[in-house]
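Here is query.cif, consisting of mmCIF, C-alpha atoms and all ligand atoms:
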```
data_work
#
loop_
_atom_site.label_atom_id
_atom_site.label_comp_id
_atom_site.auth_asym_id
_atom_site.auth_seq_id
_atom_site.Cartn_x
_atom_site.Cartn_y
_atom_site.Cartn_z
CA MET A 1 12.58 -18.62 5.29
CA GLN A 2 10.54 -15.44 5.79
CA LYS A 3 11.51 -13.10 8.63
CA ARG A 4 8.62 -12.40 11.03
CA VAL A 5 8.03 -8.68 11.68
CA ALA A 6 5.53 -7.35 14.23
CA VAL A 7 4.28 -3.78 14.37
CA ILE A 8 2.67 -2.91 17.71
CA GLY A 9 0.32 0.09 17.39
CA GLY A 10 -1.77 0.98 14.38
CA GLY A 11 -1.78 4.79 14.53
CA ILE A 12 -0.09 6.89 11.86
CA ILE A 13 3.45 5.58 12.49
CA GLY A 14 2.49 1.91 12.82
CA ALA A 15 0.06 1.88 9.89
CA THR A 16 2.51 3.66 7.57
CA ALA A 17 5.36 1.37 8.63
CA ALA A 18 3.17 -1.71 8.09
CA PHE A 19 2.12 -0.43 4.66
CA TYR A 20 5.71 0.24 3.52
CA LEU A 21 7.03 -3.03 4.97
CA SER A 22 4.57 -4.78 2.65
CA TYR A 23 5.02 -2.34 -0.27
CA LEU A 24 8.84 -2.24 -0.31
CA ASP A 25 9.41 -5.95 0.30
CA GLN A 26 9.41 -6.98 -3.37
CA SER A 27 11.20 -10.27 -2.65
CA GLN A 28 8.51 -11.25 -0.13
CA SER A 29 11.17 -12.02 2.46
CA LEU A 30 9.04 -10.65 5.34
CA SER A 31 5.79 -11.71 6.95
CA VAL A 32 4.28 -8.65 8.65
CA THR A 33 1.67 -8.59 11.44
CA LEU A 34 0.19 -5.39 12.91
CA PHE A 35 -1.32 -5.48 16.41
CA ASP A 36 -3.59 -2.62 17.43
CA ASP A 37 -6.31 -2.20 20.03
CA ASP A 38 -7.49 1.17 18.70
CA LEU A 39 -8.15 2.66 22.15
CA GLY A 40 -7.76 6.44 22.39
CA GLN A 41 -5.76 6.54 19.20
CA ALA A 42 -4.59 10.10 18.52
CA THR A 43 -4.50 9.59 14.75
CA LYS A 44 -8.24 8.96 14.42
CA ALA A 45 -9.11 11.90 16.69
CA ALA A 46 -6.83 14.45 15.04
CA SER A 47 -7.77 17.69 13.30
CA GLY A 48 -5.69 16.70 10.29
CA ILE A 49 -3.68 19.80 9.40
CA ILE A 50 -0.44 19.35 7.44
CA SER A 51 1.23 22.77 7.39
CA PRO A 52 4.36 22.97 9.57
CA TRP A 53 6.32 25.71 7.81
CA LEU A 54 5.09 28.77 9.74
CA SER A 55 5.05 27.17 13.18
CA LYS A 56 6.45 29.24 16.06
CA ARG A 57 8.55 26.26 17.17
CA ARG A 58 12.32 26.70 16.85
CA ASN A 59 13.51 23.08 17.24
CA LYS A 60 15.72 22.46 14.17
CA ARG A 61 15.41 18.66 14.14
CA TRP A 62 11.63 18.85 14.53
CA TYR A 63 11.45 21.35 11.66
CA ALA A 64 13.65 19.20 9.38
CA LEU A 65 11.43 16.20 10.10
CA ALA A 66 8.14 18.08 9.75
CA LYS A 67 9.30 19.71 6.51
CA GLN A 68 10.30 16.32 5.09
CA GLY A 69 7.04 14.82 6.44
CA ALA A 70 4.81 17.35 4.67
CA ALA A 71 6.76 16.90 1.42
CA PHE A 72 6.45 13.10 1.72
CA TYR A 73 2.62 13.04 1.65
CA PRO A 74 2.05 13.17 -2.14
CA LYS A 75 4.33 10.11 -2.57
CA LEU A 76 2.52 8.20 0.18
CA ILE A 77 -0.91 9.09 -1.23
CA ALA A 78 0.20 7.94 -4.69
CA ASP A 79 1.92 4.74 -3.44
CA ALA A 80 -1.18 3.74 -1.45
CA LYS A 81 -3.61 4.99 -4.12
CA LEU A 82 -5.57 7.07 -1.58
CA GLY A 83 -8.28 9.50 -2.71
CA PRO A 84 -9.49 13.01 -1.80
CA ASN A 85 -11.69 11.56 0.96
CA VAL A 86 -8.38 10.96 2.79
CA TYR A 87 -6.06 13.83 1.79
CA GLN A 88 -6.67 17.20 0.15
CA GLN A 89 -4.04 19.78 -0.67
CA THR A 90 -6.27 22.85 -0.40
CA GLY A 91 -3.82 25.29 1.20
CA THR A 92 -3.79 26.76 4.71
CA ILE A 93 -4.36 30.32 5.94
CA VAL A 94 -2.19 31.25 8.93
CA THR A 95 -3.05 34.42 10.87
CA ARG A 96 -1.36 36.76 13.35
CA LYS A 97 -3.23 39.23 15.58
CA GLN A 98 -0.84 42.16 15.06
CA PRO A 99 -0.31 43.56 11.52
CA ASP A 100 3.47 43.85 12.18
CA ASP A 101 3.64 40.19 13.18
CA LEU A 102 1.77 39.20 10.04
CA GLU A 103 4.18 41.21 7.90
CA SER A 104 7.24 39.55 9.55
CA LEU A 105 5.64 36.15 9.13
CA TYR A 106 5.13 36.90 5.45
CA GLN A 107 8.82 37.84 5.08
CA GLU A 108 9.82 34.60 6.83
CA ALA A 109 7.45 32.60 4.61
CA MET A 110 8.90 34.12 1.45
CA ILE A 111 12.44 33.16 2.53
CA LYS A 112 11.35 29.61 3.38
CA LEU A 113 9.50 29.29 0.10
CA GLN A 114 12.79 29.66 -1.82
CA HIS A 115 14.09 26.32 -0.50
CA THR A 116 10.83 24.53 0.31
CA PRO A 117 9.11 23.38 -2.89
CA ALA A 118 6.32 21.68 -0.88
CA MET A 119 5.01 25.12 0.18
CA GLN A 120 4.28 25.73 -3.52
CA ASP A 121 3.33 29.41 -3.14
CA VAL A 122 2.72 32.05 -0.47
CA GLU A 123 0.36 35.06 -0.56
CA LEU A 124 -0.37 37.82 1.93
CA LEU A 125 -4.17 38.18 2.12
CA SER A 126 -6.29 41.04 3.48
CA ALA A 127 -9.31 40.14 5.63
CA ARG A 128 -11.50 40.67 2.55
CA GLU A 129 -9.39 38.29 0.49
CA VAL A 130 -9.54 35.65 3.24
CA GLY A 131 -13.33 36.12 3.21
CA ARG A 132 -13.36 35.43 -0.53
CA ARG A 133 -11.45 32.16 -0.03
CA LEU A 134 -13.55 31.10 2.97
CA PRO A 135 -16.98 32.54 2.10
CA PHE A 136 -18.75 31.05 5.15
CA LEU A 137 -16.76 33.28 7.56
CA THR A 138 -18.70 36.24 8.96
CA ASN A 139 -15.56 37.85 10.47
CA PRO A 140 -12.51 36.85 8.42
CA PRO A 141 -9.04 37.81 9.69
CA ALA A 142 -6.10 38.85 7.48
CA GLY A 143 -3.60 36.05 6.93
CA ILE A 144 -1.01 34.27 4.86
CA PHE A 145 -2.06 31.63 2.35
CA VAL A 146 0.31 28.69 1.89
CA LYS A 147 -0.74 26.80 -1.20
CA GLY A 148 0.96 23.50 -0.29
CA GLY A 149 -0.86 23.17 3.06
CA ALA A 150 -3.16 20.18 3.32
CA LYS A 151 -5.72 18.34 5.44
CA ILE A 152 -6.07 14.65 6.12
CA ASP A 153 -8.87 12.55 7.62
CA GLY A 154 -6.91 10.40 10.09
CA ARG A 155 -9.58 7.71 10.46
CA CYS A 156 -10.03 7.24 6.70
CA PHE A 157 -6.26 7.31 6.22
CA ILE A 158 -5.67 4.44 8.65
CA GLU A 159 -8.54 2.36 7.34
CA GLU A 160 -7.67 2.75 3.67
CA LEU A 161 -3.91 2.41 4.11
CA LEU A 162 -4.31 -0.84 6.05
CA LYS A 163 -6.79 -2.12 3.45
CA GLN A 164 -4.16 -1.53 0.74
CA ALA A 165 -1.45 -3.19 2.84
CA GLN A 166 -3.69 -6.20 3.56
CA LYS A 167 -3.97 -6.72 -0.21
CA GLN A 168 -0.17 -7.05 -0.11
CA ARG A 169 -0.15 -9.73 2.63
CA LEU A 170 -0.19 -7.60 5.82
CA ILE A 171 -1.99 -9.38 8.68
CA VAL A 172 -3.93 -7.09 11.06
CA ARG A 173 -4.84 -8.42 14.51
CA ARG A 174 -7.16 -6.24 16.62
CA GLN A 175 -5.86 -6.79 20.14
CA ARG A 176 -3.65 -5.37 22.87
CA VAL A 177 -0.35 -7.25 23.16
CA PHE A 178 2.45 -7.21 25.74
CA PHE A 179 6.18 -7.89 25.85
CA ASP A 180 7.39 -10.56 28.20
CA LYS A 181 10.83 -10.25 29.84
CA SER A 182 12.54 -12.21 27.05
CA GLY A 183 11.30 -9.86 24.30
CA GLN A 184 8.63 -12.23 22.98
CA ILE A 185 5.11 -10.90 22.52
CA ARG A 186 2.15 -12.17 24.51
CA THR A 187 -0.86 -12.26 22.18
CA SER A 188 -4.29 -13.91 22.38
CA MET A 189 -2.57 -17.02 21.01
CA GLY A 190 0.10 -17.15 23.74
CA LEU A 191 3.76 -16.17 23.50
CA GLU A 192 4.94 -15.46 19.94
CA LYS A 193 8.47 -14.84 18.69
CA PHE A 194 9.23 -12.21 16.04
CA ASP A 195 12.60 -11.44 14.43
CA THR A 196 12.00 -7.67 14.33
CA ILE A 197 9.47 -5.51 16.17
CA ILE A 198 8.38 -1.91 15.60
CA VAL A 199 6.86 -0.32 18.70
CA ALA A 200 4.56 2.58 17.76
CA THR A 201 2.15 2.62 20.69
CA GLY A 202 1.81 6.41 20.98
CA ALA A 203 1.03 7.67 24.49
CA TRP A 204 1.07 4.09 25.83
CA MET A 205 4.73 3.38 25.02
CA LYS A 206 5.89 3.69 28.64
CA GLY A 207 3.70 0.69 29.55
CA THR A 208 4.67 -1.25 26.41
CA LEU A 209 8.40 -1.20 27.17
CA LYS A 210 8.21 -1.56 30.96
CA PRO A 211 8.49 -5.38 30.95
CA LEU A 212 11.84 -4.98 29.13
CA ASN A 213 13.00 -2.66 31.93
CA TYR A 214 13.06 0.51 29.85
CA LEU A 215 11.69 3.78 31.15
CA VAL A 216 10.22 5.85 28.32
CA LYS A 217 10.07 9.53 29.21
CA ILE A 218 6.73 10.51 27.68
CA ARG A 219 3.48 11.82 29.09
CA PRO A 220 -0.10 11.73 27.80
CA GLN A 221 -2.17 14.78 26.88
CA LYS A 222 -5.91 14.68 26.23
CA GLY A 223 -7.18 16.38 23.05
CA GLN A 224 -10.78 17.00 22.01
CA LEU A 225 -12.28 18.43 18.84
CA ILE A 226 -15.77 18.86 17.43
CA ASP A 227 -17.26 17.88 14.06
CA LEU A 228 -20.09 20.18 12.97
CA ALA A 229 -22.72 19.49 10.31
CA VAL A 230 -22.84 22.43 7.90
CA ASN A 231 -25.15 23.61 5.16
CA PRO A 232 -23.65 22.57 1.80
CA LEU A 233 -25.05 25.75 0.25
CA ARG A 234 -22.65 27.86 2.34
CA TYR A 235 -19.63 25.56 1.96
CA ARG A 236 -17.85 24.81 -1.30
CA SER A 237 -15.67 21.73 -1.61
CA ARG A 238 -11.88 22.08 -1.38
CA LEU A 239 -11.77 25.11 0.95
CA PRO A 240 -8.48 25.96 2.73
CA VAL A 241 -7.87 25.45 6.45
CA LEU A 242 -7.91 28.49 8.79
CA MET A 243 -5.21 28.50 11.49
CA PRO A 244 -5.95 31.56 13.66
CA GLU A 245 -3.25 32.64 16.12
CA GLY A 246 -3.97 31.58 19.71
CA SER A 247 -7.37 30.10 18.89
CA SER A 248 -8.94 26.95 17.47
CA ASP A 249 -8.20 25.77 13.95
CA ILE A 250 -11.14 25.69 11.54
CA ILE A 251 -11.06 22.91 8.98
CA PRO A 252 -13.83 22.79 6.38
CA PHE A 253 -13.34 19.15 5.51
CA SER A 254 -16.16 18.76 3.04
CA GLN A 255 -19.30 20.59 1.97
CA ARG A 256 -21.07 18.95 4.90
CA LYS A 257 -18.47 18.78 7.68
CA LEU A 258 -16.58 21.48 9.56
CA VAL A 259 -13.94 20.39 12.09
CA VAL A 260 -12.95 22.70 14.97
CA GLY A 261 -10.00 21.69 17.14
CA ALA A 262 -8.41 21.12 19.39
CA THR A 263 -7.98 21.22 23.17
CA HIS A 264 -4.63 20.56 24.90
CA GLU A 265 -5.49 19.17 28.35
CA ASN A 266 -2.34 18.30 30.29
CA ASP A 267 -4.28 17.10 33.32
CA GLY A 268 -6.56 14.88 31.19
CA GLY A 269 -4.16 11.91 31.08
CA PHE A 270 -5.72 8.89 29.36
CA ASP A 271 -9.31 9.99 30.04
CA LEU A 272 -11.43 9.55 26.89
CA LYS A 273 -14.63 11.26 28.02
CA ALA A 274 -15.94 14.09 25.82
CA THR A 275 -16.76 17.14 27.95
CA ALA A 276 -19.34 19.90 27.60
CA LYS A 277 -16.61 22.39 28.65
CA ALA A 278 -14.48 21.50 25.60
CA GLN A 279 -17.49 21.68 23.26
CA THR A 280 -18.42 25.12 24.56
CA LEU A 281 -14.85 26.42 24.28
CA LEU A 282 -14.28 25.12 20.75
CA LEU A 283 -17.64 26.39 19.51
CA LYS A 284 -17.02 29.81 21.08
CA ASN A 285 -13.60 30.03 19.41
CA ALA A 286 -15.11 29.17 16.02
CA GLN A 287 -18.02 31.63 16.48
CA VAL A 288 -15.49 34.50 16.59
CA PHE A 289 -14.99 33.85 12.87
CA ASP A 290 -18.42 32.48 11.93
CA ASN A 291 -21.12 33.86 14.23
CA ARG A 292 -23.83 31.72 12.61
CA LEU A 293 -22.49 28.44 14.05
CA LYS A 294 -24.79 26.86 16.65
CA ALA A 295 -24.37 24.14 19.30
CA GLY A 296 -27.08 22.09 17.56
CA GLN A 297 -24.72 21.57 14.62
CA ILE A 298 -22.24 19.54 16.69
CA MET A 299 -22.41 15.97 15.36
CA GLN A 300 -19.73 14.47 17.59
CA THR A 301 -16.77 15.23 19.84
CA ARG A 302 -13.65 13.21 19.14
CA VAL A 303 -11.17 12.50 21.94
CA GLY A 304 -7.60 11.26 21.56
CA THR A 305 -4.40 11.01 23.59
CA ARG A 306 -1.24 12.73 22.36
CA ALA A 307 2.24 11.70 23.53
CA TYR A 308 4.74 14.37 24.61
CA THR A 309 8.44 14.22 25.39
CA ASP A 310 10.28 16.69 27.65
CA ASP A 311 11.64 18.63 24.66
CA PHE A 312 8.33 18.30 22.72
CA ALA A 313 10.24 16.52 19.93
CA PRO A 314 9.48 13.13 18.38
CA PHE A 315 12.00 10.29 18.59
CA PHE A 316 12.65 7.21 16.51
CA GLY A 317 15.38 4.64 15.94
CA ARG A 318 16.67 1.22 16.93
CA LEU A 319 17.11 0.34 20.60
CA PRO A 320 20.93 0.26 20.93
CA SER A 321 20.80 -2.64 23.39
CA ASN A 322 18.32 -4.56 21.24
CA PRO A 323 18.55 -3.43 17.59
CA ASN A 324 15.77 -5.78 16.51
CA ILE A 325 13.35 -3.48 18.31
CA LEU A 326 12.65 -0.15 16.56
CA LEU A 327 10.65 2.66 18.10
CA GLY A 328 8.80 5.74 16.92
CA GLY A 329 6.83 8.08 19.15
CA GLY A 330 6.46 11.27 21.15
CA LEU A 331 4.78 12.99 18.20
CA GLY A 332 2.88 15.58 20.25
CA SER A 333 0.53 17.88 18.38
CA SER A 334 2.08 17.55 14.91
CA GLY A 335 2.16 13.79 14.52
CA LEU A 336 0.05 13.61 11.40
CA THR A 337 2.81 15.64 9.78
CA THR A 338 5.84 13.77 11.15
CA GLY A 339 4.33 10.27 11.63
CA PRO A 340 4.27 8.99 8.03
CA ILE A 341 7.91 9.82 7.27
CA ILE A 342 8.97 8.12 10.53
CA GLY A 343 6.93 5.02 9.61
CA TYR A 344 8.51 4.99 6.16
CA LEU A 345 12.10 5.37 7.44
CA LEU A 346 11.62 2.58 10.01
CA ALA A 347 10.16 0.25 7.36
CA LYS A 348 12.96 1.05 4.91
CA ALA A 349 15.63 0.36 7.54
CA ILE A 350 14.13 -3.12 8.06
CA VAL A 351 13.70 -3.94 4.37
CA ASP A 352 17.20 -2.67 3.47
CA GLU A 353 18.67 -4.18 6.67
CA GLN A 354 20.34 -0.87 7.57
CA TRP A 355 20.98 0.69 10.94
CA GLY A 356 19.53 4.04 9.82
CA HIS A 357 21.24 7.44 10.26
CA TRP A 358 18.59 9.86 11.38
CA GLU A 359 20.61 12.40 13.43
CA ALA A 360 19.21 15.28 11.36
CA PHE A 361 15.69 14.40 12.50
CA THR A 362 15.92 13.06 16.05
CA ARG A 363 18.20 13.12 19.07
CA PRO A 364 19.56 9.70 20.15
CA LEU A 365 16.97 7.44 21.81
CA SER A 366 18.95 7.63 25.07
CA ASN A 367 17.50 11.14 25.50
CA TYR A 368 14.02 9.68 25.74
CA ILE A 369 14.50 6.13 27.03
CA ILE A 370 16.59 4.88 29.96
C1 LIG B 1 -7.42 16.24 19.10
C2 LIG B 1 -6.12 16.09 18.34
C3 LIG B 1 -5.85 16.92 17.24
C4 LIG B 1 -4.65 16.76 16.51
N1 LIG B 1 -4.45 17.51 15.39
C5 LIG B 1 -3.33 17.33 14.63
C6 LIG B 1 -3.14 18.06 13.42
O1 LIG B 1 -4.01 18.83 13.00
N2 LIG B 1 -1.97 17.88 12.72
C7 LIG B 1 -1.02 17.01 13.14
O2 LIG B 1 0.03 16.90 12.47
N3 LIG B 1 -1.18 16.28 14.28
C8 LIG B 1 -2.31 16.42 15.04
N4 LIG B 1 -2.48 15.71 16.19
C9 LIG B 1 -1.39 14.85 16.66
C10 LIG B 1 -1.41 13.48 16.01
O3 LIG B 1 -2.72 13.00 15.90
C11 LIG B 1 -0.57 12.47 16.84
O4 LIG B 1 0.68 13.02 17.17
C12 LIG B 1 -0.33 11.19 16.04
O5 LIG B 1 -1.53 10.74 15.46
C13 LIG B 1 0.25 10.10 16.93
O6 LIG B 1 0.42 8.93 16.16
P1 LIG B 1 1.02 7.61 16.78
O7 LIG B 1 1.03 6.61 15.67
O8 LIG B 1 2.32 7.90 17.47
O9 LIG B 1 0.02 7.18 17.96
P2 LIG B 1 -1.55 6.86 17.95
O10 LIG B 1 -2.24 7.42 16.78
O11 LIG B 1 -2.07 7.23 19.29
O12 LIG B 1 -1.57 5.28 17.79
C14 LIG B 1 -1.09 4.40 18.77
C15 LIG B 1 -1.92 3.13 18.68
O13 LIG B 1 -1.29 2.09 19.44
C16 LIG B 1 -2.30 1.32 20.08
N5 LIG B 1 -1.70 0.59 21.20
C17 LIG B 1 -1.11 1.11 22.32
N6 LIG B 1 -0.61 0.13 23.08
C18 LIG B 1 -0.88 -1.05 22.44
C19 LIG B 1 -0.59 -2.43 22.70
N7 LIG B 1 0.08 -2.80 23.80
N8 LIG B 1 -1.04 -3.38 21.84
C20 LIG B 1 -1.73 -3.02 20.71
N9 LIG B 1 -2.00 -1.71 20.39
C21 LIG B 1 -1.58 -0.75 21.24
C22 LIG B 1 -3.31 2.38 20.52
O14 LIG B 1 -4.56 1.79 20.81
C23 LIG B 1 -3.33 3.26 19.24
O15 LIG B 1 -4.28 2.75 18.32
C24 LIG B 1 -3.68 15.81 16.93
C25 LIG B 1 -3.95 14.99 18.04
C26 LIG B 1 -5.16 15.11 18.75
C27 LIG B 1 -5.44 14.19 19.90
#
```
Hey, can you dump this file as structure tokens for me?
Amino acid sequence: MQKRVAVIGGGIIGATAAFYLSYLDQSQSLSVTLFDDDLGQATKAASGIISPWLSKRRNKRWYALAKQGAAFYPKLIADAKLGPNVYQQTGTIVTRKQPDDLESLYQEAMIKLQHTPAMQDVELLSAREVGRRLPFLTNPPAGIFVKGGAKIDGRCFIEELLKQAQKQRLIVRRQRVFFDKSGQIRTSMGLEKFDTIIVATGAWMKGTLKPLNYLVKIRPQKGQLIDLAVNPLRYRSRLPVLMPEGSSDIIPFSQRKLVVGATHENDGGFDLKATAKAQTLLLKNAQVFDNRLKAGQIMQTRVGTRAYTDDFAPFFGRLPSNPNILLGGGLGSSGLTTGPIIGYLLAKAIVDEQWGHWEAFTRPLSNYII
């Protein structure tokens, strides 16, 4: 008899887990259902930068996970047969305001490059050289080019990945579901029993696990970004991402779309309203580098809710008191980088019927859930 697996939450963790549950289960011993209500999903609102190596963060487990996550992308893209409309490895340009800081960052990058094949190559670029790589900039800064850096369209990623998984028997049900006290799931069809459940409900996980008497220590943060229509004559395809220090990231996603993001609004909670204040701030930040950008070019503002833990680190694993429930969350601002590898590891643990030893990547769940 097939084992019934439910995935609650169809953001980057849930969608990747659902895909790999279907992909890895060669013996067809699982029936997999994904529940998602798509409300405020961070994944679809995200800027889409995959370039963790020069982050200022010093959390070793986070770095090990993010490094593995960035290196995992080419496999995922190939396994799911996703195209350049979803993921492009165009490189990223990271800047520092002070020349000395840029020089030390370059030294650090060169050391990391020696044992990080996914970085591919590193170059120190003058402002003029950055201007050559990003010709639409009117005021390019000096920076460091990391060839392995990439960008991903979160919305396309989710849609195409789930389409591939549905071809391999995944069932997707668009609805909000709830645990009851016994661990069954209340769906639109009543109470349903599953043998194994992955909970990947992002910023909403506290509410998801409350009926089971768990307190999840995460908080929501509102994030907004703007999509601008650009003149294809000024934008080539496959341009790198600009990550200026202390400002907004500039992501030329295609010859017609420039993404500028993102805000970090701790008092925004679960509010999903786009604000004029955020639009003005993001546009102003981008105009520092391209003074020809105008408010009239803003096509849309995307809003999503990130999930943060007290130590800003993601968590994942099996609930010790109920090992048939697996969790992944707390991805914060780098979840497009760490989410897919978490989804893959959770799926693999279910298919291979293993407990999963992930101490190198996450502290025990008891640090985040009581
Ligand atoms: C503006 C912005 C910019 C960002 N930029 C980047 C970036 O450049 N690089 C990067 O690495 N990361 C970035 N991030 C972070 C990244 O997007 C998130 O960390 C990541 O997408 C979170 O994924 P998730 O799967 O945990 O949750 P989500 O993507 O939020 O998905 C959770 C899903 O679960 C659903 N759900 C919740 N409860 C239930 C329920 N009871 N029943 C059914 N469904 C439910 C929700 O509706 C949602 O669809 C950004 C985030 C934002 C908001």
With 7 Å as the cut-off and all atoms listed in the file counted, what is the closest atom pair between each nearby residue of chain A and ligand LIG 1 (chain B)? Distances in Å to one decimal, ordered by chain and number, as a tab-separated table.
```
residue	atom	partner	partner_atom	distance
A:Ile8	CA	B:LIG1	C20	5.3
A:Gly9	CA	B:LIG1	O13	3.3
A:Gly10	CA	B:LIG1	C15	4.8
A:Gly11	CA	B:LIG1	O12	3.3
A:Ile12	CA	B:LIG1	O7	4.0
A:Ile13	CA	B:LIG1	O7	4.1
A:Gly14	CA	B:LIG1	O7	5.7
A:Phe35	CA	B:LIG1	C20	5.0
A:Asp36	CA	B:LIG1	N9	3.5
A:Asp37	CA	B:LIG1	N9	4.4
A:Asp38	CA	B:LIG1	O15	3.6
A:Leu39	CA	B:LIG1	O14	3.9
A:Gly40	CA	B:LIG1	O14	5.9
A:Gln41	CA	B:LIG1	O11	3.8
A:Ala42	CA	B:LIG1	O11	3.9
A:Thr43	CA	B:LIG1	O5	3.3
A:Lys44	CA	B:LIG1	O10	6.6
A:Ala45	CA	B:LIG1	C1	5.2
A:Ala46	CA	B:LIG1	C3	3.4
A:Ser47	CA	B:LIG1	N1	3.9
A:Gly48	CA	B:LIG1	O1	3.8
A:Ile49	CA	B:LIG1	O1	3.7
A:Ile50	CA	B:LIG1	O2	5.6
A:Gln175	CA	B:LIG1	C20	5.6
A:Arg176	CA	B:LIG1	N8	3.4
A:Val177	CA	B:LIG1	N8	4.1
A:Phe178	CA	B:LIG1	N7	5.4
A:Ala200	CA	B:LIG1	O7	5.8
A:Thr201	CA	B:LIG1	O13	3.7
A:Gly202	CA	B:LIG1	O9	3.6
A:Ala203	CA	B:LIG1	O11	6.1
A:Trp204	CA	B:LIG1	C17	5.1
A:Met205	CA	B:LIG1	N6	6.5
A:Thr208	CA	B:LIG1	N7	5.5
A:Lys222	CA	B:LIG1	C27	6.4
A:Gly223	CA	B:LIG1	C1	4.0
A:Gln224	CA	B:LIG1	C1	4.5
A:Leu225	CA	B:LIG1	C1	5.3
A:Gly261	CA	B:LIG1	C3	6.3
A:Ala262	CA	B:LIG1	C1	5.0
A:Thr263	CA	B:LIG1	C1	6.5
A:Arg302	CA	B:LIG1	C1	6.9
A:Val303	CA	B:LIG1	C1	6.0
A:Gly304	CA	B:LIG1	C27	4.0
A:Thr305	CA	B:LIG1	C27	5.0
A:Arg306	CA	B:LIG1	C27	5.1
A:Ala307	CA	B:LIG1	O4	6.7
A:Gly328	CA	B:LIG1	O8	6.9
A:Gly329	CA	B:LIG1	O8	4.8
A:Gly330	CA	B:LIG1	O8	6.5
A:Leu331	CA	B:LIG1	O4	4.2
A:Gly332	CA	B:LIG1	O4	4.6
A:Ser333	CA	B:LIG1	C9	4.0
A:Ser334	CA	B:LIG1	O2	3.3
A:Gly335	CA	B:LIG1	O4	3.1
A:Leu336	CA	B:LIG1	O2	3.5
A:Thr337	CA	B:LIG1	O2	4.1
A:Thr338	CA	B:LIG1	O2	6.7
A:Gly339	CA	B:LIG1	O6	6.1
```
Quiz prompt | Close residues, A:Leu34 itself excluded, 10 Å, only C-alpha atoms, min 3 positions apart in chain, as a ChimeraX atom specification | solution = /A:5-10,14-15,17-19,162,170-175,197-198
Exercise. Give the answer as one residue: which of A:Gly296, A:Pro232, A:Pro252, A:Gly148 has the shortest atom-to-atom distance to A:Asp121, using only C-alpha atoms?
Key: A:Gly148
Exercise. Would you kindly return, as a PyMOL selection string, each protein, DNA or RNA residue with an atom no farther than 6 Å from any atom of stretch 85-98 of chain A, considering only C-alpha atoms and excluding same-chain residues fewer than 3 positions away?
Key: chain A and resi 101-102+143-153+156-157+238+240-245
Self-check item: Residue nearest A:Pro99 - candidates A:Ala276, A:Leu125, A:Leu82, A:Ala118, atoms counted: all atoms listed in the file
Solution: A:Leu125
Quiz item: So which residues touch stretch 182-186 of chain A within 10 Å, counting all atoms listed in the file, skipping near sequence neighbours fewer than 3 positions away, as JSON, numbers by chain?
Solution: {"A": [6, 8, 176, 177, 178, 179, 189, 190, 191, 192, 193, 194, 195, 197, 209, 211, 212, 322, 324, 325]}
Exercise. Figure out the distance between atom CA of A:Tyr214 and atom CA of A:Lys181, please, to one decimal in Å.
Key: 11.0 Å
Quiz item: Leaving out stretch 139-141 of chain A and any residue of its chain fewer than 4 positions from it, which residues lie within 6 Å of it when counting all atoms listed in the file, given as a list in words?
Solution: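 Contacts, in chain order: Ala127, Gly131 and Phe289 of chain A.
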